[in-house]
Amino acid sequence: SFESFMAIVERSDDMSAVKVIKRRQAFTVAECITEFAQVEIAGRKLQTAAIESVDTGALKEARRLTGLDAHDNINYPTVSRQTIGWVLP
């Protein structure tokens, strides 16, 4: 149950419950599934984007067309840790 899970999280020094709110818009770029989202993690507002495809060439083209090729690819767990002040070793 959710309550059992939260009891485990609260006893752990390696986990933390963090409120996340996500509003997203999906569309297609270069035949890739693309998502733009406004995310709030522990009260901090961020913008994210994702591009998905099995076609590497299409992914590269979609990244170029959207300008995402100029940005680092950082996953949600890493951003969440950074947002709440957890530094990875």
# chains A, B, ... in the order shown; residues from 1 in each chain; ligands from 1

call {"tool": "residues_around", "arguments": {"residues": "Ala17 in chain A", "least_positions_apart": "4", "cutoff": "8 Å", "atoms": "only C-alpha atoms", "output": "ChimeraX atom specification"}}
result
/A:6,9-10

call {"tool": "closest_atom_pairs", "arguments": {"of": "range 19-58 of chain A", "to": "range 73-83 of chain A", "cutoff": "10 Å", "atoms": "only C-alpha atoms", "output": "CSV"}}
result
residue,atom,partner,partner_atom,distance
A:Val20,CA,A:Ser80,CA,9.1
A:Glu40,CA,A:Ser80,CA,9.9
A:Ile41,CA,A:Ser80,CA,6.7
A:Ala42,CA,A:Thr83,CA,7.4
A:Gly43,CA,A:Thr83,CA,9.2
A:Arg44,CA,A:Thr83,CA,7.3
A:Lys45,CA,A:Thr83,CA,9.8
A:Leu46,CA,A:Val79,CA,9.6
A:Thr48,CA,A:Tyr76,CA,9.3
A:Ala49,CA,A:Asn73,CA,9.4
A:Ala50,CA,A:Asn73,CA,9.1

call {"tool": "write_last_selection", "arguments": {"atoms": "C-alpha atoms", "output": "short mmCIF file (atom, residue, chain, number, x, y, z; two decimals), in the first residue's frame"}}
result
data_model
loop_
_atom_site.label_atom_id
_atom_site.label_comp_id
_atom_site.auth_asym_id
_atom_site.auth_seq_id
_atom_site.Cartn_x
_atom_site.Cartn_y
_atom_site.Cartn_z
CA VAL A 20 6.14 16.49 -8.39
CA GLU A 40 7.43 21.44 -10.53
CA ILE A 41 9.73 19.47 -8.23
CA ALA A 42 9.59 20.36 -4.54
CA GLY A 43 8.28 23.81 -5.45
CA ARG A 44 10.92 24.56 -8.13
CA LYS A 45 9.52 25.10 -11.63
CA LEU A 46 11.43 23.60 -14.56
CA THR A 48 11.71 19.68 -19.84
CA ALA A 49 11.66 18.17 -23.30
CA ALA A 50 11.92 14.61 -24.54
#

call {"tool": "atom_distance", "arguments": {"atom1": "CA of Glu31 in chain A", "atom2": "CA of Gln47 in chain A"}}
result
22.2 Å

call {"tool": "select_by_dssp", "arguments": {"residues": "chain A", "states": "strand (DSSP E)", "output": "PyMOL selection string"}}
result
chain A and resi 20-29+32-41+44-52

call {"tool": "write_last_selection", "arguments": {"atoms": "C-alpha atoms", "output": "PDB file, in the first residue's frame"}}
result
ATOM      1  CA  VAL A  20       6.143  16.486  -8.391  1.00  0.00           C
ATOM      2  CA  ILE A  21       3.602  18.169 -10.658  1.00  0.00           C
ATOM      3  CA  LYS A  22       3.893  17.684 -14.424  1.00  0.00           C
ATOM      4  CA  ARG A  23       1.944  19.327 -17.249  1.00  0.00           C
ATOM      5  CA  ARG A  24       2.885  18.073 -20.686  1.00  0.00           C
ATOM      6  CA  GLN A  25       2.181  18.570 -24.363  1.00  0.00           C
ATOM      7  CA  ALA A  26       2.956  15.866 -26.918  1.00  0.00           C
ATOM      8  CA  PHE A  27       3.549  16.315 -30.630  1.00  0.00           C
ATOM      9  CA  THR A  28       5.651  14.937 -33.480  1.00  0.00           C
ATOM     10  CA  VAL A  29       8.927  16.332 -34.854  1.00  0.00           C
ATOM     11  CA  CYS A  32       9.609  11.297 -33.459  1.00  0.00           C
ATOM     12  CA  ILE A  33       7.338  11.376 -30.429  1.00  0.00           C
ATOM     13  CA  THR A  34       8.198  14.663 -28.727  1.00  0.00           C
ATOM     14  CA  GLU A  35       7.115  16.048 -25.369  1.00  0.00           C
ATOM     15  CA  PHE A  36       7.426  19.465 -23.781  1.00  0.00           C
ATOM     16  CA  ALA A  37       6.599  19.634 -20.086  1.00  0.00           C
ATOM     17  CA  GLN A  38       6.412  22.141 -17.295  1.00  0.00           C
ATOM     18  CA  VAL A  39       7.485  20.343 -14.131  1.00  0.00           C
ATOM     19  CA  GLU A  40       7.425  21.444 -10.528  1.00  0.00           C
ATOM     20  CA  ILE A  41       9.731  19.470  -8.231  1.00  0.00           C
ATOM     21  CA  ARG A  44      10.918  24.558  -8.130  1.00  0.00           C
ATOM     22  CA  LYS A  45       9.523  25.096 -11.635  1.00  0.00           C
ATOM     23  CA  LEU A  46      11.430  23.605 -14.557  1.00  0.00           C
ATOM     24  CA  GLN A  47      10.870  23.014 -18.253  1.00  0.00           C
ATOM     25  CA  THR A  48      11.711  19.683 -19.843  1.00  0.00           C
ATOM     26  CA  ALA A  49      11.658  18.174 -23.298  1.00  0.00           C
ATOM     27  CA  ALA A  50      11.917  14.608 -24.545  1.00  0.00           C
ATOM     28  CA  ILE A  51      12.231  13.042 -27.970  1.00  0.00           C
ATOM     29  CA  GLU A  52      11.657   9.325 -28.545  1.00  0.00           C
TER      30      GLU A  52
END

call {"tool": "select_by_dssp", "arguments": {"residues": "chain A", "states": "alpha helix (DSSP H)", "output": "PyMOL selection string"}}
result
chain A and resi 2-11+56-66+76-83

call {"tool": "atom_distance", "arguments": {"atom1": "CA of Gly67 in chain A", "atom2": "CA of Ser53 in chain A"}}
result
16.9 Å

call {"tool": "atom_distance", "arguments": {"atom1": "CA of His71 in chain A", "atom2": "CA of Trp86 in chain A"}}
result
22.1 Å
